[in-house]
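J.: The following file, query35.txt, comprises compact mmCIF, C-alpha atoms and all ligand atoms:
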# COMPACT_ATOMS: atom_id res chain seq x y z
CA MET A 1 70.61 142.19 -17.52
CA GLN A 2 69.55 140.40 -20.73
CA LEU A 3 73.09 139.05 -21.11
CA TRP A 4 73.14 137.67 -17.54
CA LYS A 5 69.86 135.93 -18.09
CA HIS A 6 71.11 134.44 -21.34
CA LEU A 7 74.34 133.20 -19.72
CA ALA A 8 72.49 131.64 -16.77
CA MET A 9 70.19 129.77 -19.16
CA ARG A 10 73.14 128.39 -21.13
CA VAL A 11 74.83 127.16 -17.97
CA ARG A 12 71.61 125.48 -16.86
CA GLY A 13 71.21 123.84 -20.29
CA GLN A 14 74.75 122.50 -20.19
CA LYS A 15 74.25 121.15 -16.70
CA ARG A 16 71.08 119.34 -17.81
CA LYS A 17 72.90 117.86 -20.82
CA ARG A 18 75.76 116.64 -18.60
CA LYS A 19 73.27 115.05 -16.23
CA LEU A 20 71.47 113.31 -19.10
CA ARG A 21 74.76 112.04 -20.58
CA HIS A 22 75.70 110.72 -17.16
CA LEU A 23 72.34 108.97 -16.78
CA LEU A 24 72.56 107.46 -20.26
CA SER A 25 76.06 106.14 -19.70
CA GLY A 26 74.93 104.64 -16.36
CA PHE A 27 72.02 102.96 -18.14
CA HIS A 28 74.35 101.56 -20.84
CA LYS A 29 76.81 100.27 -18.24
CA SER A 30 74.07 98.51 -16.27
CA THR A 31 72.46 96.92 -19.34
CA GLN A 32 75.87 95.80 -20.59
CA ALA A 33 76.43 94.18 -17.20
CA LEU A 34 73.18 92.15 -17.44
CA PRO A 35 74.04 88.44 -17.20
CA ASP A 36 71.46 87.58 -19.89
CA ALA A 37 71.67 88.37 -23.58
CA THR A 38 69.46 91.41 -24.18
CA ILE A 39 68.39 92.74 -27.57
CA VAL A 40 66.04 95.62 -28.32
CA PHE A 41 64.09 95.53 -31.59
CA ASN A 42 61.19 97.47 -33.04
CA ASP A 43 57.74 96.39 -34.26
CA LYS A 44 59.16 95.75 -37.76
CA GLY A 45 61.56 93.26 -36.18
CA GLN A 46 64.64 95.45 -36.79
CA VAL A 47 67.41 95.20 -34.20
CA GLU A 48 68.24 98.48 -32.48
CA TRP A 49 70.56 97.51 -29.66
CA GLY A 50 72.15 94.55 -27.91
CA ASN A 51 74.51 93.93 -24.98
CA ILE A 52 77.83 92.05 -24.83
CA VAL A 53 76.26 88.72 -23.83
CA ALA A 54 74.07 88.95 -26.97
CA ARG A 55 77.28 88.94 -29.00
CA GLN A 56 78.60 85.90 -27.14
CA VAL A 57 75.49 83.68 -27.30
CA ILE A 58 73.52 85.03 -30.27
CA GLY A 59 76.35 86.41 -32.38
CA LEU A 60 75.01 89.97 -32.53
CA GLU A 61 77.59 92.52 -33.76
CA ARG A 62 76.21 95.86 -32.61
CA LYS A 63 77.39 98.03 -35.51
CA ARG A 64 77.05 95.44 -38.27
CA ASP A 65 73.65 94.14 -37.17
CA ARG A 66 71.87 97.41 -36.46
CA GLY A 67 68.63 97.30 -38.49
CA ARG A 68 68.97 93.57 -39.19
CA MET A 69 65.81 91.49 -38.80
CA ILE A 70 65.61 89.62 -35.49
CA ASN A 71 64.39 86.41 -37.20
CA ASP A 72 67.35 86.60 -39.55
CA LEU A 73 69.67 86.80 -36.55
CA ILE A 74 68.10 83.69 -34.93
CA PRO A 75 67.30 81.34 -37.83
CA ASP A 76 66.13 78.40 -35.65
CA PRO A 77 62.74 77.26 -37.11
CA LYS A 78 61.31 77.01 -33.57
CA PHE A 79 62.15 80.68 -33.02
CA GLN A 80 60.67 81.61 -36.41
CA ASP A 81 57.33 80.00 -35.41
CA TYR A 82 57.45 81.56 -31.94
CA TYR A 83 58.16 85.01 -33.34
CA ALA A 84 55.51 84.70 -36.06
CA ALA A 85 52.83 83.50 -33.61
CA ALA A 86 53.49 86.64 -31.50
CA ASN A 87 52.31 84.89 -28.35
CA TYR A 88 55.10 85.52 -25.87
CA GLN A 89 53.38 84.34 -22.69
CA HIS A 90 55.77 81.41 -22.25
CA PRO A 91 59.52 81.32 -22.86
CA LEU A 92 61.02 79.20 -25.64
CA GLN A 93 64.05 76.92 -25.44
CA ILE A 94 66.44 76.92 -28.39
CA THR A 95 70.07 76.08 -29.13
CA SER A 96 72.38 79.07 -29.43
CA PRO A 97 72.80 80.09 -33.11
CA VAL A 98 76.57 80.41 -32.58
CA ASN A 99 77.33 77.53 -30.19
CA ASP A 100 75.63 74.12 -30.38
CA SER A 101 76.45 73.25 -26.78
CA ILE A 102 74.57 76.23 -25.31
CA ARG A 103 70.83 76.00 -24.58
CA LEU A 104 68.96 79.26 -24.29
CA ASP A 105 65.69 80.15 -22.64
CA VAL A 106 64.34 83.00 -24.75
CA ARG A 107 61.57 85.41 -23.85
CA ILE A 108 60.24 88.47 -25.63
CA VAL A 109 58.72 91.35 -23.70
CA PRO A 110 56.86 94.18 -25.47
CA TYR A 111 57.43 97.61 -23.89
CA GLY A 112 57.05 101.33 -24.57
CA LYS A 113 55.82 102.40 -28.01
CA ALA A 114 56.20 99.41 -30.38
CA LYS A 115 59.46 98.23 -28.80
CA PHE A 116 60.43 94.69 -27.86
CA LEU A 117 63.04 93.31 -25.51
CA LEU A 118 64.44 89.86 -26.23
CA GLN A 119 66.14 88.19 -23.29
CA ALA A 120 68.05 84.94 -23.64
CA ARG A 121 69.24 83.09 -20.53
CA ASP A 122 71.87 80.35 -20.67
CA VAL A 123 70.13 77.27 -19.18
CA THR A 124 72.68 74.66 -20.36
CA ARG A 125 73.67 73.69 -16.81
CA LEU A 126 70.05 73.50 -15.65
CA GLN A 127 69.18 71.29 -18.57
CA GLN A 128 72.12 68.99 -17.92
CA LEU A 129 71.01 68.61 -14.29
CA GLU A 130 67.46 67.88 -15.42
CA THR A 131 68.74 65.20 -17.81
CA VAL A 132 70.86 63.68 -15.03
CA ARG A 133 67.81 63.62 -12.74
CA LYS A 134 65.59 62.00 -15.35
CA ASP A 135 68.23 59.42 -16.29
CA PHE A 136 68.90 58.63 -12.64
CA VAL A 137 65.24 57.94 -11.84
CA ALA A 138 64.79 55.92 -15.04
CA ASN A 139 67.97 53.85 -14.42
CA VAL A 140 67.27 53.17 -10.74
CA SER A 141 63.72 52.09 -11.54
CA HIS A 142 64.91 49.90 -14.37
CA GLU A 143 67.64 48.27 -12.26
CA MET A 144 65.20 47.58 -9.42
CA ARG A 145 62.62 45.90 -11.61
CA THR A 146 64.30 42.52 -12.09
CA PRO A 147 65.40 41.90 -8.47
CA LEU A 148 61.92 42.88 -7.29
CA THR A 149 60.26 40.50 -9.73
CA VAL A 150 62.45 37.64 -8.46
CA ILE A 151 61.80 38.36 -4.76
CA HIS A 152 58.08 38.82 -5.35
CA GLY A 153 57.91 35.59 -7.36
CA TYR A 154 59.59 33.53 -4.59
CA LEU A 155 57.36 35.09 -1.95
CA GLU A 156 54.30 34.15 -4.02
CA SER A 157 55.33 30.53 -4.28
CA MET A 158 56.32 30.39 -0.58
CA GLY A 159 52.85 31.64 0.31
CA GLU A 160 51.23 28.92 -1.76
CA SER A 161 53.67 26.04 -1.08
CA GLY A 162 51.72 24.41 1.81
CA ASP A 163 55.10 23.63 3.42
CA ALA A 164 54.43 23.05 7.16
CA GLY A 165 57.86 24.49 8.01
CA LEU A 166 56.71 27.86 6.67
CA ASP A 167 53.48 27.99 8.67
CA ALA A 168 54.91 30.26 11.36
CA TRP A 169 56.05 32.61 8.60
CA GLN A 170 52.76 32.93 6.73
CA ASN A 171 51.94 36.32 8.22
CA ALA A 172 55.39 37.71 7.46
CA ILE A 173 55.36 36.24 3.95
CA GLN A 174 52.04 37.84 3.21
CA GLN A 175 53.28 41.24 4.40
CA MET A 176 56.48 40.92 2.38
CA ARG A 177 54.40 40.03 -0.67
CA GLN A 178 52.20 43.10 -0.19
CA GLN A 179 55.20 45.40 0.21
CA THR A 180 57.11 44.03 -2.78
CA GLY A 181 53.89 44.35 -4.78
CA ARG A 182 53.72 48.00 -3.74
CA MET A 183 57.35 48.55 -4.72
CA GLN A 184 56.65 46.97 -8.10
CA ARG A 185 53.78 49.37 -8.66
CA ILE A 186 55.95 52.36 -7.68
CA VAL A 187 58.75 51.24 -10.00
CA GLY A 188 56.24 50.69 -12.82
CA ASP A 189 54.75 54.17 -12.32
CA LEU A 190 58.21 55.79 -12.16
CA LEU A 191 59.19 54.11 -15.43
CA LEU A 192 55.95 55.25 -17.03
CA LEU A 193 56.57 58.82 -15.81
CA SER A 194 60.11 58.74 -17.24
CA ARG A 195 58.68 57.77 -20.60
CA LEU A 196 56.02 60.48 -20.38
CA GLU A 197 58.70 63.08 -19.60
CA GLY A 198 60.17 62.44 -23.03
CA PRO A 199 60.19 65.27 -25.54
CA GLY A 200 57.16 67.20 -26.70
CA ASN A 201 53.58 66.13 -26.92
CA THR A 202 52.48 62.66 -27.82
CA ASP A 203 53.33 61.20 -31.22
CA GLY A 204 50.22 59.11 -30.63
CA LYS A 205 48.10 59.54 -33.71
CA ASP A 206 45.90 56.55 -32.92
CA CYS A 207 42.19 56.76 -33.25
CA VAL A 208 41.42 56.04 -29.60
CA ASP A 209 38.16 54.27 -28.86
CA VAL A 210 37.61 56.08 -25.56
CA PRO A 211 34.09 54.61 -25.04
CA GLY A 212 35.57 51.07 -25.28
CA ILE A 213 38.38 51.95 -22.84
CA LEU A 214 35.93 53.47 -20.37
CA GLU A 215 33.68 50.39 -20.42
CA MET A 216 36.70 48.26 -19.55
CA ILE A 217 37.85 50.64 -16.80
CA LYS A 218 34.32 50.70 -15.38
CA ASP A 219 34.33 46.88 -15.10
CA GLU A 220 37.73 46.96 -13.39
CA ALA A 221 36.48 49.64 -11.02
CA GLN A 222 33.50 47.41 -10.09
CA THR A 223 35.98 44.66 -9.23
CA LEU A 224 38.16 47.02 -7.18
CA SER A 225 35.09 48.28 -5.34
CA GLY A 226 33.89 44.72 -4.66
CA GLY A 227 30.37 45.90 -5.44
CA GLN A 228 30.46 48.35 -2.52
CA HIS A 229 29.94 51.50 -4.59
CA GLN A 230 27.34 52.54 -7.06
CA ILE A 231 29.17 53.16 -10.33
CA THR A 232 27.25 54.77 -13.20
CA ALA A 233 28.37 56.11 -16.57
CA ASP A 234 27.07 58.33 -19.33
CA ILE A 235 29.28 57.74 -22.35
CA ASP A 236 28.96 59.11 -25.88
CA ARG A 237 29.57 55.91 -27.87
CA ASN A 238 30.57 57.77 -31.03
CA LEU A 239 33.13 60.12 -29.52
CA LYS A 240 36.68 59.13 -30.50
CA LEU A 241 39.92 60.92 -29.79
CA GLN A 242 43.26 61.27 -31.51
CA GLY A 243 46.04 60.27 -29.14
CA CYS A 244 47.95 57.41 -27.56
CA ILE A 245 45.78 54.50 -26.35
CA SER A 246 48.02 53.24 -23.56
CA GLU A 247 48.65 56.72 -22.14
CA LEU A 248 44.97 57.64 -22.10
CA GLU A 249 44.10 54.30 -20.55
CA SER A 250 46.58 54.96 -17.71
CA ALA A 251 45.27 58.47 -17.11
CA PHE A 252 41.58 57.56 -17.10
CA SER A 253 42.05 54.46 -14.96
CA ASN A 254 44.08 56.41 -12.38
CA LEU A 255 41.25 58.92 -12.03
CA VAL A 256 38.52 56.27 -11.81
CA PHE A 257 40.42 53.99 -9.39
CA ASN A 258 41.21 57.02 -7.19
CA ALA A 259 37.47 57.75 -7.03
CA VAL A 260 36.87 54.20 -5.77
CA ARG A 261 39.79 54.31 -3.31
CA TYR A 262 38.81 57.66 -1.81
CA THR A 263 35.07 57.04 -1.58
CA PRO A 264 33.74 55.20 1.47
CA VAL A 265 31.50 52.18 0.87
CA GLU A 266 28.00 52.89 -0.38
CA GLY A 267 29.20 56.09 -2.01
CA SER A 268 28.65 56.70 -5.71
CA ILE A 269 30.91 57.34 -8.66
CA TYR A 270 29.79 58.85 -11.94
CA LEU A 271 31.74 58.78 -15.23
CA ARG A 272 30.89 60.98 -18.19
CA TRP A 273 32.42 61.25 -21.69
CA TRP A 274 30.87 63.82 -23.99
CA ALA A 275 31.51 66.40 -26.70
CA SER A 276 31.34 69.84 -25.11
CA LYS A 277 31.30 73.01 -27.20
CA ARG A 278 35.03 73.45 -26.66
CA GLY A 279 36.03 69.83 -27.24
CA PRO A 280 35.80 66.30 -25.82
CA CYS A 281 35.52 66.02 -22.01
CA PHE A 282 35.96 63.26 -19.49
CA LEU A 283 34.57 63.65 -15.98
CA VAL A 284 34.86 61.49 -12.87
CA LYS A 285 32.69 62.59 -9.98
CA ASP A 286 32.56 60.89 -6.60
CA THR A 287 30.82 61.36 -3.27
CA GLY A 288 34.01 60.54 -1.41
CA ILE A 289 36.15 62.11 1.30
CA GLY A 290 36.90 65.22 -0.78
CA ILE A 291 40.02 67.38 -0.66
CA ASP A 292 40.70 70.60 1.20
CA PRO A 293 41.13 73.34 -1.49
CA LYS A 294 44.59 74.23 -0.13
CA HIS A 295 45.93 70.87 -1.37
CA ILE A 296 44.48 71.04 -4.89
CA PRO A 297 47.28 73.05 -6.59
CA ARG A 298 49.88 70.50 -5.41
CA LEU A 299 48.01 67.22 -6.00
CA ALA A 300 49.73 66.42 -9.30
CA GLU A 301 53.23 66.68 -7.77
CA ARG A 302 55.00 63.35 -7.42
CA PHE A 303 54.39 61.70 -4.06
CA TYR A 304 52.16 64.52 -2.85
CA ARG A 305 49.37 63.01 -0.76
CA VAL A 306 46.81 64.59 1.53
CA ASP A 307 46.94 61.61 3.85
CA VAL A 308 49.98 59.37 3.37
CA GLY A 309 48.58 56.56 5.55
CA ARG A 310 45.30 56.38 3.66
CA SER A 311 47.03 56.49 0.28
CA ARG A 312 49.37 53.60 1.19
CA GLN A 313 46.65 51.56 2.81
CA SER A 314 44.54 51.75 -0.33
CA GLY A 315 47.45 50.67 -2.53
CA GLY A 316 48.45 54.13 -3.83
CA THR A 317 51.87 55.01 -5.19
CA GLY A 318 51.49 58.78 -4.89
CA LEU A 319 52.23 59.05 -8.62
CA GLY A 320 48.77 58.62 -10.16
CA LEU A 321 47.86 62.27 -10.65
CA ALA A 322 51.39 63.14 -11.82
CA ILE A 323 50.87 60.55 -14.57
CA VAL A 324 47.43 62.00 -15.38
CA LYS A 325 48.89 65.53 -15.65
CA HIS A 326 51.71 64.43 -17.96
CA VAL A 327 49.41 62.42 -20.22
CA LEU A 328 46.97 65.32 -20.50
CA THR A 329 49.74 67.83 -21.29
CA ARG A 330 50.97 65.51 -24.04
CA HIS A 331 47.44 65.54 -25.45
CA ASP A 332 47.11 69.36 -25.21
CA ALA A 333 44.43 68.81 -22.56
CA GLN A 334 43.82 70.30 -19.12
CA LEU A 335 42.85 68.87 -15.76
CA LYS A 336 40.30 70.73 -13.62
CA ILE A 337 39.77 69.59 -10.03
CA GLU A 338 36.86 70.66 -7.85
CA SER A 339 36.29 69.27 -4.41
CA GLU A 340 34.67 69.81 -1.05
CA PRO A 341 35.91 67.96 2.01
CA GLY A 342 33.37 65.42 3.21
CA LYS A 343 31.19 65.86 0.09
CA GLY A 344 33.21 64.57 -2.85
CA SER A 345 35.40 65.52 -5.78
CA SER A 346 35.24 65.93 -9.51
CA PHE A 347 38.16 65.55 -11.89
CA ARG A 348 37.56 66.84 -15.39
CA CYS A 349 39.82 66.42 -18.44
CA ASN A 350 39.22 69.01 -21.18
CA PHE A 351 40.59 68.02 -24.60
CA PRO A 352 40.87 70.51 -27.46
CA GLU A 353 38.45 70.22 -30.39
CA SER A 354 41.44 69.55 -32.66
CA ARG A 355 41.72 66.05 -31.11
CA HIS A 356 38.07 65.21 -31.75
CA LEU A 357 38.00 62.62 -34.53
CA PRO A 358 35.10 62.68 -36.96
CA GLN A 359 32.95 59.53 -36.90
P1 LIG B 401 47.79 58.17 -4.58
O1 LIG B 401 48.46 56.96 -5.08
O2 LIG B 401 48.27 58.58 -3.21
O3 LIG B 401 46.31 58.09 -4.67
P2 LIG B 401 47.60 60.22 -6.60
O4 LIG B 401 48.68 60.99 -7.27
O5 LIG B 401 46.70 59.41 -7.46
O6 LIG B 401 48.33 59.33 -5.51
O7 LIG B 401 46.71 61.24 -5.78
C1 LIG B 401 47.37 62.19 -4.94
C2 LIG B 401 46.49 62.49 -3.73
O8 LIG B 401 45.31 63.18 -4.15
C3 LIG B 401 45.99 61.26 -2.99
O9 LIG B 401 46.95 60.80 -2.06
C4 LIG B 401 44.73 61.80 -2.32
O10 LIG B 401 45.09 62.48 -1.14
C5 LIG B 401 44.22 62.84 -3.31
N1 LIG B 401 43.14 62.30 -4.17
C6 LIG B 401 43.24 61.85 -5.44
N2 LIG B 401 42.04 61.49 -5.94
C7 LIG B 401 41.14 61.73 -4.96
C8 LIG B 401 39.71 61.60 -4.85
N3 LIG B 401 38.97 61.13 -5.85
N4 LIG B 401 39.13 61.95 -3.67
C9 LIG B 401 39.88 62.44 -2.66
N5 LIG B 401 41.21 62.60 -2.68
C10 LIG B 401 41.85 62.24 -3.82
Represent the structure of the file as C-alpha cells.

T.:
Amino acid sequence: MQLWKHLAMRVRGQKRKRKLRHLLSGFHKSTQALPDATIVFNDKGQVEWGNIVARQVIGLERKRDRGRMINDLIPDPKFQDYYAAANYQHPLQITSPVNDSIRLDVRIVPYGKAKFLLQARDVTRLQQLETVRKDFVANVSHEMRTPLTVIHGYLESMGESGDAGLDAWQNAIQQMRQQTGRMQRIVGDLLLLSRLEGPGNTDGKDCVDVPGILEMIKDEAQTLSGGQHQITADIDRNLKLQGCISELESAFSNLVFNAVRYTPVEGSIYLRWWASKRGPCFLVKDTGIGIDPKHIPRLAERFYRVDVGRSRQSGGTGLGLAIVKHVLTRHDAQLKIESEPGKGSSFRCNFPESRHLPQ
C-alpha cells in the first residue's frame, strides 16, 4: 500500500514538472517572438535575460552579457541620465548602440520583486515620416510666402490707385486683399510652428522683460478692441523670466488677442503676471463667449476651432493656441484652461521656478 502511494506521488510530481517545463518553453517562445527588443534586469541594473530582437538592435549576447550592467550595454549619455533619474513615466528616444540608422523608443517598466523590463521599439520609419511631414509643411509655407507677398502688394496698390477703371472692382479687390492677408498670416504661423517644432526646449537664455512685453501687448490689444473692452492688468514689474523673447511675445499676444476676439463688446479682459509659490505665472481672464469643456482638451491642436466661422471672421488662423502650447513646452511651462460657456475663460501659463530670474 505504502509503495503504491509512493509511486502515485512520483508520477504526479513528474507530470507537474512536465507541465511546468511546457509552460516555461511556451513563455520563452512567446517572448522571443515579441517584435520589440525586451531585456529583463534586476534592481542592481544587472541583465538577466533578453530576446532575439535585443541582440539585433541593442547588441545583447545572452550568454556573454548575463550579469552585465544595463547602462554599460547602452552607453548613450541620454540613456545614462534617464536610467539614473529613475523616472520612467515617459519613453526616451535614442539611437541604437549597434546601428546608427535605427531610432529606438525605449521604456522601462518595473515589475515583480525588484525586476525591470526594458522595451525598445524601432521607430525609425515613424521618425522619417514625421521629418517628411515637418519638411513638407515648412517648404510649402516657405514657397508660398513670396508669391503671396507679390499678389497682396499689387492688390494694396490697386485699392489705393484711384483709377476710375477699377471702381467697379473695389469690392472684389478689398475681399481679395483680406483673403491674401489671411493666407499670409496662416503661412507666417505655419513657419513659426515649424521653427518651434525644432529639437528640444528653447536655447533662449535671454533675460526676458515680461512686464515690458505685456505693456506693449496691452496697448496693441486696446487698438484691436477699438476701445470696446475694458482691459486691466496687474503686473509685477520686477518679475523677469529666462527664455526666448520672440517666442514668449508670440505666445502671450496670441492669448491676449484671443481674449479680445472672443469677448463681445463691453466685456472685460484682465491680465496678471506674478510670482506664485511654484513659479512665475501669466493669466488672461475674459468675460467672453467661453468654451464648452468638451472642446478644451483639443483646443491646442492645429486648426481646431469651436466655431470655424467666428474664428475666420475675427481674423483667426486656427494656429494660435498650437503656437502657445509649443512655446510653453519649450519653456518647461504648462497651459491651464478653465472656461464656462457664456461666462468667460481663463488661460494660465505656469512657469517653473527655475526660470525665475533674480532681480
Ligand atoms: P483661432 O485663430 O481660431 O482663434 P486658436 O488656436 O487661437 O485659433 O484658438 C482655437 C480655438 O479656441 C478658437 O477657434 C476658439 O474657438 C477657442 N478660443 C481660444 N481662445 C478663446 C477665448 N478666449 N474665448 C473663447 N474661445 C476661445

J.: For a quick check of understanding, using only C-alpha atoms, which of A:Ala33, A:Ile151, A:Leu191, A:Ala322 has the smallest distance to Met176 in chain A?

T.: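 Ranked by minimum distance to Met176 in chain A, first place goes to A:Ile151.
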
J.: Which residues are near range 136-139 of chain A? Cut-off 12 Å, all atoms listed in the file, ignore same chain within fewer than 6 positions. Put them as an mmCIF file with C-alpha atoms, in the coordinates of the input.

T.:
data_model
loop_
_atom_site.group_PDB
_atom_site.id
_atom_site.type_symbol
_atom_site.label_atom_id
_atom_site.label_comp_id
_atom_site.auth_asym_id
_atom_site.auth_seq_id
_atom_site.Cartn_x
_atom_site.Cartn_y
_atom_site.Cartn_z
ATOM 1 C CA LEU A 129 71.010 68.610 -14.290
ATOM 2 C CA GLU A 130 67.460 67.880 -15.420
ATOM 3 C CA ARG A 145 62.620 45.900 -11.610
ATOM 4 C CA ILE A 186 55.950 52.360 -7.680
ATOM 5 C CA VAL A 187 58.750 51.240 -10.000
ATOM 6 C CA GLY A 188 56.240 50.690 -12.820
ATOM 7 C CA ASP A 189 54.750 54.170 -12.320
ATOM 8 C CA LEU A 190 58.210 55.790 -12.160
ATOM 9 C CA LEU A 191 59.190 54.110 -15.430
ATOM 10 C CA LEU A 192 55.950 55.250 -17.030
ATOM 11 C CA LEU A 193 56.570 58.820 -15.810
ATOM 12 C CA SER A 194 60.110 58.740 -17.240
ATOM 13 C CA ARG A 195 58.680 57.770 -20.600
ATOM 14 C CA LEU A 196 56.020 60.480 -20.380
ATOM 15 C CA GLU A 197 58.700 63.080 -19.600
ATOM 16 C CA GLY A 198 60.170 62.440 -23.030
#

J.: Can you tell me which residues come within 9 Å of ligand LIG 401 (chain B) when counting all atoms listed in the file, ideally as a PyMOL selection string?

T.: chain A and resi 254-263+284-292+295-296+298-312+314-324+339+341+344-347

J.: Which one of A:Lys343, A:Ile337, A:Ala120, A:Arg12 sits closest to Asn51 in chain A if you count all atoms listed in the file?

T.: A:Ala120

J.: Distance CA of Asn238 in chain A-CA of Val210 in chain A, one decimal place?

T.: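 Interatomic distance, CA of Asn238 in chain A to CA of Val210 in chain A: 9.1 Å.
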
J.: Tell me, in Å to one decimal, how far CA of Lys240 in chain A is from CA of Cys281 in chain A.

T.: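 Separation between CA of Lys240 in chain A and CA of Cys281 in chain A: 11.0 Å.
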
J.: Just the number, please: distance in Å from CA of Arg185 in chain A to CA of Leu248 in chain A, one decimal.

T.: 18.1 Å

J.: Might you pull out every residue within 8 Å of Val123 in chain A, with all atoms listed in the file counted and same-chain residues fewer than 2 positions away left off, and present them as a PyMOL selection string?

T.: chain A and resi 102-105+121+125-127

J.: Would you kindly return, as an mmCIF file with C-alpha atoms, keeping the file's coordinate frame, each protein, DNA or RNA residue with an atom no farther than 10 Å from any atom of Ala221 in chain A, considering all atoms listed in the file and excluding same-chain residues fewer than 2 positions away?

T.:
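Output below, filename out_10.cif:
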data_model
loop_
_atom_site.group_PDB
_atom_site.id
_atom_site.type_symbol
_atom_site.label_atom_id
_atom_site.label_comp_id
_atom_site.auth_asym_id
_atom_site.auth_seq_id
_atom_site.Cartn_x
_atom_site.Cartn_y
_atom_site.Cartn_z
ATOM 1 C CA GLU A 215 33.680 50.390 -20.420
ATOM 2 C CA MET A 216 36.700 48.260 -19.550
ATOM 3 C CA ILE A 217 37.850 50.640 -16.800
ATOM 4 C CA LYS A 218 34.320 50.700 -15.380
ATOM 5 C CA ASP A 219 34.330 46.880 -15.100
ATOM 6 C CA THR A 223 35.980 44.660 -9.230
ATOM 7 C CA LEU A 224 38.160 47.020 -7.180
ATOM 8 C CA SER A 225 35.090 48.280 -5.340
ATOM 9 C CA GLY A 226 33.890 44.720 -4.660
ATOM 10 C CA GLY A 227 30.370 45.900 -5.440
ATOM 11 C CA HIS A 229 29.940 51.500 -4.590
ATOM 12 C CA ILE A 231 29.170 53.160 -10.330
ATOM 13 C CA SER A 253 42.050 54.460 -14.960
ATOM 14 C CA VAL A 256 38.520 56.270 -11.810
ATOM 15 C CA PHE A 257 40.420 53.990 -9.390
ATOM 16 C CA ASN A 258 41.210 57.020 -7.190
ATOM 17 C CA ALA A 259 37.470 57.750 -7.030
ATOM 18 C CA VAL A 260 36.870 54.200 -5.770
ATOM 19 C CA ARG A 261 39.790 54.310 -3.310
ATOM 20 C CA ILE A 269 30.910 57.340 -8.660
#
